[in-house]
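What's in upload.pdb: PDB, C-alpha atoms and all ligand atoms
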ATOM      1  CA  MET M   1      87.841  77.822  -0.782  1.00  0.00           C
ATOM      2  CA  SER M   2      85.963  76.376   2.163  1.00  0.00           C
ATOM      3  CA  GLU M   3      84.985  72.714   2.193  1.00  0.00           C
ATOM      4  CA  ARG M   4      82.061  71.459   4.253  1.00  0.00           C
ATOM      5  CA  THR M   5      83.235  68.659   6.459  1.00  0.00           C
ATOM      6  CA  SER M   6      81.862  66.783   9.412  1.00  0.00           C
ATOM      7  CA  GLU M   7      83.657  64.469  11.744  1.00  0.00           C
ATOM      8  CA  ARG M   8      80.804  64.090  14.154  1.00  0.00           C
ATOM      9  CA  VAL M   9      79.938  60.506  14.921  1.00  0.00           C
ATOM     10  CA  ALA M  10      76.330  59.636  15.660  1.00  0.00           C
ATOM     11  CA  VAL M  11      75.672  58.558  19.219  1.00  0.00           C
ATOM     12  CA  PRO M  12      74.386  54.971  19.248  1.00  0.00           C
ATOM     13  CA  GLY M  13      70.632  55.018  19.805  1.00  0.00           C
ATOM     14  CA  ALA M  14      70.287  58.655  18.715  1.00  0.00           C
ATOM     15  CA  GLU M  15      68.683  59.652  15.428  1.00  0.00           C
ATOM     16  CA  VAL M  16      71.085  60.371  12.603  1.00  0.00           C
ATOM     17  CA  ASP M  17      70.468  63.812  11.169  1.00  0.00           C
ATOM     18  CA  GLU M  18      68.879  63.380   7.724  1.00  0.00           C
ATOM     19  CA  THR M  19      70.786  66.261   6.133  1.00  0.00           C
ATOM     20  CA  GLU M  20      74.076  64.914   7.437  1.00  0.00           C
ATOM     21  CA  LEU M  21      73.150  61.452   6.152  1.00  0.00           C
ATOM     22  CA  ARG M  22      72.465  62.900   2.684  1.00  0.00           C
ATOM     23  CA  ASN M  23      75.729  64.879   2.788  1.00  0.00           C
ATOM     24  CA  CYS M  24      77.689  61.798   3.762  1.00  0.00           C
ATOM     25  CA  LEU M  25      76.065  59.570   1.128  1.00  0.00           C
ATOM     26  CA  ALA M  26      76.832  62.188  -1.539  1.00  0.00           C
ATOM     27  CA  HIS M  27      80.500  61.235  -1.105  1.00  0.00           C
ATOM     28  CA  PHE M  28      79.795  57.849  -2.669  1.00  0.00           C
ATOM     29  CA  ALA M  29      80.507  58.107  -6.411  1.00  0.00           C
ATOM     30  CA  SER M  30      78.095  56.060  -8.497  1.00  0.00           C
ATOM     31  CA  GLY M  31      77.033  55.510 -12.050  1.00  0.00           C
ATOM     32  CA  VAL M  32      73.628  56.668 -13.251  1.00  0.00           C
ATOM     33  CA  THR M  33      70.872  54.423 -14.588  1.00  0.00           C
ATOM     34  CA  VAL M  34      67.334  54.817 -15.837  1.00  0.00           C
ATOM     35  CA  VAL M  35      65.087  51.911 -14.899  1.00  0.00           C
ATOM     36  CA  THR M  36      62.480  51.478 -17.640  1.00  0.00           C
ATOM     37  CA  TYR M  37      59.283  49.446 -17.576  1.00  0.00           C
ATOM     38  CA  GLU M  38      55.858  49.236 -19.177  1.00  0.00           C
ATOM     39  CA  GLY M  39      53.592  51.489 -17.146  1.00  0.00           C
ATOM     40  CA  PRO M  40      49.809  51.603 -17.146  1.00  0.00           C
ATOM     41  CA  GLN M  41      49.886  54.233 -19.911  1.00  0.00           C
ATOM     42  CA  GLY M  42      52.941  53.141 -21.856  1.00  0.00           C
ATOM     43  CA  PRO M  43      56.729  53.217 -21.434  1.00  0.00           C
ATOM     44  CA  ARG M  44      57.958  54.791 -18.194  1.00  0.00           C
ATOM     45  CA  GLY M  45      61.283  55.294 -16.462  1.00  0.00           C
ATOM     46  CA  ILE M  46      62.920  56.511 -13.282  1.00  0.00           C
ATOM     47  CA  THR M  47      66.467  57.781 -12.775  1.00  0.00           C
ATOM     48  CA  VAL M  48      68.193  55.565 -10.213  1.00  0.00           C
ATOM     49  CA  ASN M  49      71.714  55.492  -8.827  1.00  0.00           C
ATOM     50  CA  ALA M  50      70.841  53.026  -6.045  1.00  0.00           C
ATOM     51  CA  PHE M  51      71.644  50.100  -8.333  1.00  0.00           C
ATOM     52  CA  THR M  52      73.951  47.197  -7.554  1.00  0.00           C
ATOM     53  CA  SER M  53      74.828  43.704  -8.628  1.00  0.00           C
ATOM     54  CA  VAL M  54      73.695  41.034  -6.168  1.00  0.00           C
ATOM     55  CA  SER M  55      74.388  37.519  -7.473  1.00  0.00           C
ATOM     56  CA  LEU M  56      75.911  35.699 -10.434  1.00  0.00           C
ATOM     57  CA  LYS M  57      74.053  32.379  -9.953  1.00  0.00           C
ATOM     58  CA  PRO M  58      71.257  33.160 -10.268  1.00  0.00           C
ATOM     59  CA  PRO M  59      72.035  36.452 -12.040  1.00  0.00           C
ATOM     60  CA  LEU M  60      70.423  39.087  -9.810  1.00  0.00           C
ATOM     61  CA  VAL M  61      70.600  42.878  -9.634  1.00  0.00           C
ATOM     62  CA  LEU M  62      68.905  45.326  -7.274  1.00  0.00           C
ATOM     63  CA  VAL M  63      67.365  48.764  -7.602  1.00  0.00           C
ATOM     64  CA  SER M  64      66.114  50.727  -4.603  1.00  0.00           C
ATOM     65  CA  VAL M  65      62.965  52.737  -5.356  1.00  0.00           C
ATOM     66  CA  ALA M  66      61.414  55.373  -3.091  1.00  0.00           C
ATOM     67  CA  ARG M  67      57.902  54.655  -1.859  1.00  0.00           C
ATOM     68  CA  THR M  68      56.983  58.237  -2.700  1.00  0.00           C
ATOM     69  CA  SER M  69      57.877  57.812  -6.389  1.00  0.00           C
ATOM     70  CA  ARG M  70      55.182  56.963  -8.902  1.00  0.00           C
ATOM     71  CA  SER M  71      57.368  54.153 -10.190  1.00  0.00           C
ATOM     72  CA  HIS M  72      57.208  52.422  -6.828  1.00  0.00           C
ATOM     73  CA  ASP M  73      53.737  50.970  -7.390  1.00  0.00           C
ATOM     74  CA  ALA M  74      53.816  51.145 -11.188  1.00  0.00           C
ATOM     75  CA  MET M  75      56.794  48.775 -11.558  1.00  0.00           C
ATOM     76  CA  ALA M  76      55.883  46.368  -8.744  1.00  0.00           C
ATOM     77  CA  GLY M  77      55.841  42.805 -10.058  1.00  0.00           C
ATOM     78  CA  ARG M  78      56.735  43.930 -13.573  1.00  0.00           C
ATOM     79  CA  PRO M  79      59.790  43.212 -15.725  1.00  0.00           C
ATOM     80  CA  PHE M  80      62.229  46.130 -15.896  1.00  0.00           C
ATOM     81  CA  THR M  81      65.404  47.140 -17.680  1.00  0.00           C
ATOM     82  CA  VAL M  82      68.367  48.896 -16.058  1.00  0.00           C
ATOM     83  CA  ASN M  83      69.844  51.316 -18.623  1.00  0.00           C
ATOM     84  CA  ILE M  84      73.383  52.486 -17.739  1.00  0.00           C
ATOM     85  CA  LEU M  85      73.934  55.965 -19.155  1.00  0.00           C
ATOM     86  CA  ARG M  86      76.727  57.695 -21.055  1.00  0.00           C
ATOM     87  CA  PRO M  87      77.897  61.260 -20.219  1.00  0.00           C
ATOM     88  CA  GLU M  88      76.040  62.581 -23.295  1.00  0.00           C
ATOM     89  CA  GLN M  89      72.799  61.240 -21.792  1.00  0.00           C
ATOM     90  CA  GLU M  90      72.693  63.555 -18.766  1.00  0.00           C
ATOM     91  CA  ALA M  91      69.545  65.168 -20.177  1.00  0.00           C
ATOM     92  CA  ILE M  92      67.851  61.754 -20.150  1.00  0.00           C
ATOM     93  CA  ALA M  93      68.826  61.291 -16.497  1.00  0.00           C
ATOM     94  CA  ARG M  94      67.443  64.730 -15.668  1.00  0.00           C
ATOM     95  CA  HIS M  95      64.241  64.037 -17.584  1.00  0.00           C
ATOM     96  CA  PHE M  96      63.461  60.825 -15.695  1.00  0.00           C
ATOM     97  CA  ALA M  97      64.276  62.532 -12.391  1.00  0.00           C
ATOM     98  CA  SER M  98      61.910  65.431 -13.048  1.00  0.00           C
ATOM     99  CA  GLY M  99      58.537  63.797 -12.447  1.00  0.00           C
ATOM    100  CA  GLY M 100      57.145  64.714 -15.864  1.00  0.00           C
ATOM    101  CA  ASP M 101      54.599  62.631 -17.745  1.00  0.00           C
ATOM    102  CA  ASP M 102      55.532  63.094 -21.401  1.00  0.00           C
ATOM    103  CA  HIS M 103      58.256  60.581 -22.235  1.00  0.00           C
ATOM    104  CA  SER M 104      57.460  60.433 -25.952  1.00  0.00           C
ATOM    105  CA  HIS M 105      60.701  62.207 -26.981  1.00  0.00           C
ATOM    106  CA  MET M 106      62.913  59.690 -25.195  1.00  0.00           C
ATOM    107  CA  PRO M 107      64.920  57.268 -27.391  1.00  0.00           C
ATOM    108  CA  TRP M 108      62.696  54.250 -26.738  1.00  0.00           C
ATOM    109  CA  CYS M 109      63.270  50.873 -28.289  1.00  0.00           C
ATOM    110  CA  ARG M 110      61.546  47.569 -27.705  1.00  0.00           C
ATOM    111  CA  GLY M 111      63.538  45.150 -25.554  1.00  0.00           C
ATOM    112  CA  GLY M 112      62.860  41.521 -24.772  1.00  0.00           C
ATOM    113  CA  VAL M 113      60.994  42.194 -21.507  1.00  0.00           C
ATOM    114  CA  GLY M 114      59.656  45.694 -22.169  1.00  0.00           C
ATOM    115  CA  PRO M 115      60.652  49.183 -23.246  1.00  0.00           C
ATOM    116  CA  ARG M 116      64.269  50.235 -22.913  1.00  0.00           C
ATOM    117  CA  LEU M 117      66.473  53.112 -24.115  1.00  0.00           C
ATOM    118  CA  SER M 118      68.593  52.950 -27.254  1.00  0.00           C
ATOM    119  CA  GLY M 119      72.187  54.181 -27.373  1.00  0.00           C
ATOM    120  CA  VAL M 120      72.986  53.497 -23.711  1.00  0.00           C
ATOM    121  CA  LEU M 121      76.376  52.276 -22.489  1.00  0.00           C
ATOM    122  CA  ALA M 122      74.917  49.017 -21.167  1.00  0.00           C
ATOM    123  CA  TYR M 123      71.579  47.503 -20.240  1.00  0.00           C
ATOM    124  CA  LEU M 124      70.244  44.596 -18.204  1.00  0.00           C
ATOM    125  CA  GLU M 125      66.760  43.247 -18.895  1.00  0.00           C
ATOM    126  CA  CYS M 126      65.195  41.728 -15.786  1.00  0.00           C
ATOM    127  CA  GLU M 127      62.251  39.599 -14.790  1.00  0.00           C
ATOM    128  CA  PRO M 128      60.924  40.456 -11.327  1.00  0.00           C
ATOM    129  CA  TRP M 129      62.544  38.229  -8.683  1.00  0.00           C
ATOM    130  CA  ARG M 130      61.736  39.478  -5.153  1.00  0.00           C
ATOM    131  CA  ALA M 131      60.878  42.775  -3.484  1.00  0.00           C
ATOM    132  CA  TYR M 132      62.103  43.601   0.017  1.00  0.00           C
ATOM    133  CA  GLU M 133      60.986  46.369   2.327  1.00  0.00           C
ATOM    134  CA  GLY M 134      63.780  48.888   2.890  1.00  0.00           C
ATOM    135  CA  GLY M 135      62.415  51.657   5.083  1.00  0.00           C
ATOM    136  CA  ASP M 136      61.052  54.420   2.868  1.00  0.00           C
ATOM    137  CA  HIS M 137      62.324  52.503  -0.203  1.00  0.00           C
ATOM    138  CA  THR M 138      61.602  49.084  -1.673  1.00  0.00           C
ATOM    139  CA  LEU M 139      64.458  46.932  -2.934  1.00  0.00           C
ATOM    140  CA  TYR M 140      63.405  45.404  -6.234  1.00  0.00           C
ATOM    141  CA  LEU M 141      65.554  42.450  -7.227  1.00  0.00           C
ATOM    142  CA  GLY M 142      65.465  41.390 -10.854  1.00  0.00           C
ATOM    143  CA  ARG M 143      66.697  38.236 -12.532  1.00  0.00           C
ATOM    144  CA  VAL M 144      68.783  39.228 -15.553  1.00  0.00           C
ATOM    145  CA  VAL M 145      67.486  37.514 -18.690  1.00  0.00           C
ATOM    146  CA  ALA M 146      69.252  39.569 -21.381  1.00  0.00           C
ATOM    147  CA  LEU M 147      71.963  42.209 -21.538  1.00  0.00           C
ATOM    148  CA  GLY M 148      74.077  44.320 -23.831  1.00  0.00           C
ATOM    149  CA  TYR M 149      77.046  46.671 -23.495  1.00  0.00           C
ATOM    150  CA  GLU M 150      79.477  48.763 -25.521  1.00  0.00           C
ATOM    151  CA  GLU M 151      82.798  50.448 -24.815  1.00  0.00           C
ATOM    152  CA  GLY M 152      82.643  54.090 -23.843  1.00  0.00           C
ATOM    153  CA  ASP M 153      82.609  56.654 -21.059  1.00  0.00           C
ATOM    154  CA  ALA M 154      79.997  56.502 -18.300  1.00  0.00           C
ATOM    155  CA  LEU M 155      77.817  59.109 -16.652  1.00  0.00           C
ATOM    156  CA  GLY M 156      78.594  59.413 -12.955  1.00  0.00           C
ATOM    157  CA  PHE M 157      76.999  61.113  -9.957  1.00  0.00           C
ATOM    158  CA  PHE M 158      79.245  62.492  -7.211  1.00  0.00           C
ATOM    159  CA  CYS M 159      78.704  65.201  -4.594  1.00  0.00           C
ATOM    160  CA  SER M 160      75.183  65.751  -5.977  1.00  0.00           C
ATOM    161  CA  ARG M 161      76.500  66.508  -9.464  1.00  0.00           C
ATOM    162  CA  PHE M 162      76.607  64.682 -12.754  1.00  0.00           C
ATOM    163  CA  VAL M 163      80.197  63.972 -13.774  1.00  0.00           C
ATOM    164  CA  PRO M 164      81.723  62.198 -16.767  1.00  0.00           C
ATOM    165  CA  VAL M 165      83.569  58.987 -15.920  1.00  0.00           C
ATOM    166  CA  PRO M 166      86.167  58.333 -18.611  1.00  0.00           C
ATOM    167  CA  ARG M 167      86.765  54.806 -19.785  1.00  0.00           C
ATOM    168  CA  PRO M 168      90.195  53.587 -18.585  1.00  0.00           C
ATOM    169  CA  ILE M 169      92.818  53.799 -21.287  1.00  0.00           C
ATOM    170  CA  PRO M 170      93.381  50.352 -22.822  1.00  0.00           C
ATOM    171  CA  SER M 171      97.105  50.311 -21.927  1.00  0.00           C
ATOM    172  CA  GLN M 172      96.155  50.193 -18.234  1.00  0.00           C
ATOM    173  CA  PRO M 173      96.038  46.534 -17.141  1.00  0.00           C
ATOM    174  CA  PRO M 174      92.808  45.563 -15.357  1.00  0.00           C
ATOM    175  CA  LEU M 175      93.051  44.891 -11.627  1.00  0.00           C
ATOM    176  CA  PRO M 176      94.247  41.324 -11.019  1.00  0.00           C
ATOM    177  CA  TYR M 177      91.211  40.336  -8.981  1.00  0.00           C
ATOM    178  CA  ASP M 178      87.538  39.797  -9.519  1.00  0.00           C
ATOM    179  CA  PRO M 179      85.417  41.161  -6.647  1.00  0.00           C
ATOM    180  CA  PHE M 180      83.021  38.260  -7.092  1.00  0.00           C
ATOM    181  CA  GLU M 181      85.746  35.627  -6.689  1.00  0.00           C
ATOM    182  CA  LEU M 182      87.976  36.780  -3.829  1.00  0.00           C
ATOM    183  CA  PRO M 183      87.289  37.610  -0.182  1.00  0.00           C
ATOM    184  CA  TYR M 184      86.925  41.301   0.503  1.00  0.00           C
ATOM    185  CA  ASP M 185      90.222  41.530   2.432  1.00  0.00           C
ATOM    186  CA  ALA M 186      92.163  40.596  -0.698  1.00  0.00           C
ATOM    187  CA  PRO M 187      95.050  43.006  -1.353  1.00  0.00           C
TER     188      PRO M 187
HETATM  189  C1  LIG Q   1      71.186  61.108  -9.987  1.00  0.00           C
HETATM  190  C2  LIG Q   1      69.849  60.694  -9.403  1.00  0.00           C
HETATM  191  C3  LIG Q   1      69.734  59.465  -8.802  1.00  0.00           C
HETATM  192  C4  LIG Q   1      68.509  59.057  -8.269  1.00  0.00           C
HETATM  193  N1  LIG Q   1      68.424  57.822  -7.698  1.00  0.00           N
HETATM  194  C5  LIG Q   1      67.246  57.398  -7.206  1.00  0.00           C
HETATM  195  C6  LIG Q   1      67.140  56.098  -6.648  1.00  0.00           C
HETATM  196  O1  LIG Q   1      68.100  55.335  -6.575  1.00  0.00           O
HETATM  197  N2  LIG Q   1      65.911  55.687  -6.210  1.00  0.00           N
HETATM  198  C7  LIG Q   1      64.812  56.514  -6.267  1.00  0.00           C
HETATM  199  O2  LIG Q   1      63.736  56.086  -5.836  1.00  0.00           O
HETATM  200  N3  LIG Q   1      64.892  57.766  -6.776  1.00  0.00           N
HETATM  201  C8  LIG Q   1      66.078  58.216  -7.263  1.00  0.00           C
HETATM  202  N4  LIG Q   1      66.166  59.464  -7.809  1.00  0.00           N
HETATM  203  C9  LIG Q   1      64.976  60.340  -7.808  1.00  0.00           C
HETATM  204  C10 LIG Q   1      63.972  59.941  -8.884  1.00  0.00           C
HETATM  205  O3  LIG Q   1      64.581  59.822 -10.156  1.00  0.00           O
HETATM  206  C11 LIG Q   1      62.861  61.024  -8.983  1.00  0.00           C
HETATM  207  O4  LIG Q   1      62.241  61.145  -7.735  1.00  0.00           O
HETATM  208  C12 LIG Q   1      61.824  60.756 -10.063  1.00  0.00           C
HETATM  209  O5  LIG Q   1      61.118  61.963 -10.329  1.00  0.00           O
HETATM  210  C13 LIG Q   1      60.790  59.711  -9.724  1.00  0.00           C
HETATM  211  O6  LIG Q   1      59.962  59.540 -10.856  1.00  0.00           O
HETATM  212  P1  LIG Q   1      58.518  58.870 -10.781  1.00  0.00           P
HETATM  213  O7  LIG Q   1      57.759  59.526  -9.661  1.00  0.00           O
HETATM  214  O8  LIG Q   1      57.905  59.136 -12.132  1.00  0.00           O
HETATM  215  O9  LIG Q   1      58.704  57.392 -10.541  1.00  0.00           O
HETATM  216  C14 LIG Q   1      67.376  59.906  -8.350  1.00  0.00           C
HETATM  217  C15 LIG Q   1      67.510  61.158  -8.964  1.00  0.00           C
HETATM  218  C16 LIG Q   1      68.733  61.559  -9.491  1.00  0.00           C
HETATM  219  C17 LIG Q   1      68.855  62.907 -10.168  1.00  0.00           C
END
What is this file in structure tokens?
Ligand SMILES: Cc1cc2nc3c(=O)[nH]c(=O)nc-3n(C[C@H](O)[C@H](O)[C@H](O)COP(=O)(O)O)c2cc1C
Amino acid sequence: MSERTSERVAVPGAEVDETELRNCLAHFASGVTVVTYEGPQGPRGITVNAFTSVSLKPPLVLVSVARTSRSHDAMAGRPFTVNILRPEQEAIARHFASGGDDHSHMPWCRGGVGPRLSGVLAYLECEPWRAYEGGDHTLYLGRVVALGYEEGDALGFFCSRFVPVPRPIPSQPPLPYDPFELPYDAP
């Protein structure tokens, strides 16, 4: 079996090849979320894996949304909810990545700040905080005002494929550090 690899290092000042950038970024394993919000014509959503925590005080999270997406303008300045998906919800992730308009068959429920999805692994309801320009994306920061979570497996995305991420078995002790509390060079 042949594996595609690249050890080329970009020359400073030269353009990084976009395909190589995509290939490299595909090696970062992430979870999968759907960011939901009230659009001009009702509940809308966009599949997003560029999601990260930002701050505990105040409680901030970030989603990076492509300028070319319809959500980019539609969710600007609006509350939104980050729905973290389970492996069984791959079809939901595919739906909100497909650019379709009919979202009526999605498992909508009414959240505190707007529409969200029922049955997800976890969710964070956000008020809009700031938006920062990020090249061909905009970084939307939200202030978390409500949340919920359950135990279970997660849906992951790795090497351009959806993958199940099993919940650690309870007998495994959690790591003895909290990434928010210790410097990054902690053992
Ligand atoms: C696994 C996965 C992750 C994605 N992550 C992002 C993302 O972080 N930001 C983004 O703008 N688009 C992302 N997309 C692409 C959008 O979901 C897709 O372009 C969508 O059709 C946009 O919908 P809209 O035009 O209705 O807003 C992702 C797609 C997939 C399948």
Distance filter 9 Å around ligand LIG 1 (chain Q), atoms: only C-alpha atoms and all ligand atoms, out as an NGL selection string: :M and (30-34 or 44-51 or 63-75 or 93-101 or 137-138 or 156-158 or 160-162)
Selection dump of the PyMOL selection byres (((chain M and resi 111-124) around 7) and not hetatm), as a list in words: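 So the PyMOL selection byres (((chain M and resi 111-124) around 7) and not hetatm) ends up selecting Thr36, Tyr37, Glu38, Pro43, Pro79, Phe80, Thr81, Val82, Asn83, Ile84, Leu85, Arg86, Pro107, Trp108, Cys109, Arg110, Glu125, Cys126, Val144, Ala146, Leu147, Gly148, Tyr149, Glu150, Gly152 and Ala154 of chain M.
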Ground truth for the PyMOL selection byres (((chain M and resi 54) around 12) and not hetatm), written as a VMD selection string: chain M and resid 51 to 53 55 to 63 129 139 to 144 179 to 180
Would you save the residues of that selection, restricted to C-alpha atoms, as a PDB file, in the coordinates of the input?
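The resulting file, part.pdb, is reproduced below:
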ATOM      1  CA  PHE M  51      71.644  50.100  -8.333  1.00  0.00           C
ATOM      2  CA  THR M  52      73.951  47.197  -7.554  1.00  0.00           C
ATOM      3  CA  SER M  53      74.828  43.704  -8.628  1.00  0.00           C
ATOM      4  CA  SER M  55      74.388  37.519  -7.473  1.00  0.00           C
ATOM      5  CA  LEU M  56      75.911  35.699 -10.434  1.00  0.00           C
ATOM      6  CA  LYS M  57      74.053  32.379  -9.953  1.00  0.00           C
ATOM      7  CA  PRO M  58      71.257  33.160 -10.268  1.00  0.00           C
ATOM      8  CA  PRO M  59      72.035  36.452 -12.040  1.00  0.00           C
ATOM      9  CA  LEU M  60      70.423  39.087  -9.810  1.00  0.00           C
ATOM     10  CA  VAL M  61      70.600  42.878  -9.634  1.00  0.00           C
ATOM     11  CA  LEU M  62      68.905  45.326  -7.274  1.00  0.00           C
ATOM     12  CA  VAL M  63      67.365  48.764  -7.602  1.00  0.00           C
ATOM     13  CA  TRP M 129      62.544  38.229  -8.683  1.00  0.00           C
ATOM     14  CA  LEU M 139      64.458  46.932  -2.934  1.00  0.00           C
ATOM     15  CA  TYR M 140      63.405  45.404  -6.234  1.00  0.00           C
ATOM     16  CA  LEU M 141      65.554  42.450  -7.227  1.00  0.00           C
ATOM     17  CA  GLY M 142      65.465  41.390 -10.854  1.00  0.00           C
ATOM     18  CA  ARG M 143      66.697  38.236 -12.532  1.00  0.00           C
ATOM     19  CA  VAL M 144      68.783  39.228 -15.553  1.00  0.00           C
ATOM     20  CA  PRO M 179      85.417  41.161  -6.647  1.00  0.00           C
ATOM     21  CA  PHE M 180      83.021  38.260  -7.092  1.00  0.00           C
TER      22      PHE M 180
END
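Computed from the coordinates, the atom CA of M:Asp136 to atom CA of M:Gln89 distance equals 28.2 Å.
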Because some atoms of stretch 22-48 of chain M are absent here, can you restore N, CA and C atoms and send them as an mmCIF file, keeping the file's coordinate frame?
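Heads up, here's the output in selection09.cif:
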data_model
loop_
_atom_site.group_PDB
_atom_site.id
_atom_site.type_symbol
_atom_site.label_atom_id
_atom_site.label_comp_id
_atom_site.auth_asym_id
_atom_site.auth_seq_id
_atom_site.Cartn_x
_atom_site.Cartn_y
_atom_site.Cartn_z
ATOM 1 N N ARG M 22 72.419 62.593 4.131
ATOM 2 C CA ARG M 22 72.465 62.900 2.684
ATOM 3 C C ARG M 22 73.845 63.405 2.287
ATOM 4 N N ASN M 23 74.407 64.330 3.097
ATOM 5 C CA ASN M 23 75.729 64.879 2.788
ATOM 6 C C ASN M 23 76.794 63.789 2.743
ATOM 7 N N CYS M 24 76.700 62.876 3.694
ATOM 8 C CA CYS M 24 77.689 61.798 3.762
ATOM 9 C C CYS M 24 77.545 60.869 2.556
ATOM 10 N N LEU M 25 76.291 60.491 2.248
ATOM 11 C CA LEU M 25 76.065 59.570 1.128
ATOM 12 C C LEU M 25 76.479 60.181 -0.211
ATOM 13 N N ALA M 26 76.449 61.522 -0.291
ATOM 14 C CA ALA M 26 76.832 62.188 -1.539
ATOM 15 C C ALA M 26 78.307 61.959 -1.860
ATOM 16 N N HIS M 27 79.083 61.508 -0.867
ATOM 17 C CA HIS M 27 80.500 61.235 -1.105
ATOM 18 C C HIS M 27 80.741 59.877 -1.755
ATOM 19 N N PHE M 28 79.660 59.134 -1.962
ATOM 20 C CA PHE M 28 79.795 57.849 -2.669
ATOM 21 C C PHE M 28 79.580 58.102 -4.160
ATOM 22 N N ALA M 29 80.616 57.890 -4.962
ATOM 23 C CA ALA M 29 80.507 58.107 -6.411
ATOM 24 C C ALA M 29 79.825 56.890 -7.039
ATOM 25 N N SER M 30 78.827 57.162 -7.862
ATOM 26 C CA SER M 30 78.095 56.060 -8.497
ATOM 27 C C SER M 30 77.957 56.320 -9.986
ATOM 28 N N GLY M 31 77.503 55.311 -10.690
ATOM 29 C CA GLY M 31 77.033 55.510 -12.050
ATOM 30 C C GLY M 31 75.600 56.009 -12.008
ATOM 31 N N VAL M 32 75.024 56.209 -13.167
ATOM 32 C CA VAL M 32 73.628 56.668 -13.251
ATOM 33 C C VAL M 32 72.875 55.740 -14.200
ATOM 34 N N THR M 33 71.710 55.280 -13.744
ATOM 35 C CA THR M 33 70.872 54.423 -14.588
ATOM 36 C C THR M 33 69.475 55.025 -14.719
ATOM 37 N N VAL M 34 68.782 54.607 -15.769
ATOM 38 C CA VAL M 34 67.334 54.817 -15.837
ATOM 39 C C VAL M 34 66.700 53.432 -15.882
ATOM 40 N N VAL M 35 65.812 53.176 -14.930
ATOM 41 C CA VAL M 35 65.087 51.911 -14.899
ATOM 42 C C VAL M 35 63.792 52.104 -15.682
ATOM 43 N N THR M 36 63.649 51.335 -16.770
ATOM 44 C CA THR M 36 62.480 51.478 -17.640
ATOM 45 C C THR M 36 61.564 50.267 -17.499
ATOM 46 N N TYR M 37 60.278 50.508 -17.716
ATOM 47 C CA TYR M 37 59.283 49.446 -17.576
ATOM 48 C C TYR M 37 58.024 49.879 -18.320
ATOM 49 N N GLU M 38 57.132 48.927 -18.535
ATOM 50 C CA GLU M 38 55.858 49.236 -19.177
ATOM 51 C C GLU M 38 54.882 49.691 -18.102
ATOM 52 N N GLY M 39 54.531 50.965 -18.126
ATOM 53 C CA GLY M 39 53.592 51.489 -17.146
ATOM 54 C C GLY M 39 52.164 51.319 -17.615
ATOM 55 N N PRO M 40 51.226 51.744 -16.793
ATOM 56 C CA PRO M 40 49.809 51.603 -17.146
ATOM 57 C C PRO M 40 49.466 52.335 -18.446
ATOM 58 N N GLN M 41 50.162 53.454 -18.695
ATOM 59 C CA GLN M 41 49.886 54.233 -19.911
ATOM 60 C C GLN M 41 51.061 54.264 -20.874
ATOM 61 N N GLY M 42 51.840 53.195 -20.915
ATOM 62 C CA GLY M 42 52.941 53.141 -21.856
ATOM 63 C C GLY M 42 54.291 53.148 -21.172
ATOM 64 N N PRO M 43 55.368 53.296 -21.967
ATOM 65 C CA PRO M 43 56.729 53.217 -21.434
ATOM 66 C C PRO M 43 57.002 54.287 -20.388
ATOM 67 N N ARG M 44 57.613 53.877 -19.282
ATOM 68 C CA ARG M 44 57.958 54.791 -18.194
ATOM 69 C C ARG M 44 59.392 54.531 -17.749
ATOM 70 N N GLY M 45 59.934 55.473 -16.986
ATOM 71 C CA GLY M 45 61.283 55.294 -16.462
ATOM 72 C C GLY M 45 61.506 56.123 -15.232
ATOM 73 N N ILE M 46 62.523 55.753 -14.468
ATOM 74 C CA ILE M 46 62.920 56.511 -13.282
ATOM 75 C C ILE M 46 64.440 56.505 -13.198
ATOM 76 N N THR M 47 65.017 57.667 -12.962
ATOM 77 C CA THR M 47 66.467 57.781 -12.775
ATOM 78 C C THR M 47 66.849 57.199 -11.420
ATOM 79 N N VAL M 48 67.816 56.295 -11.423
ATOM 80 C CA VAL M 48 68.193 55.565 -10.213
ATOM 81 C C VAL M 48 69.714 55.432 -10.148
#
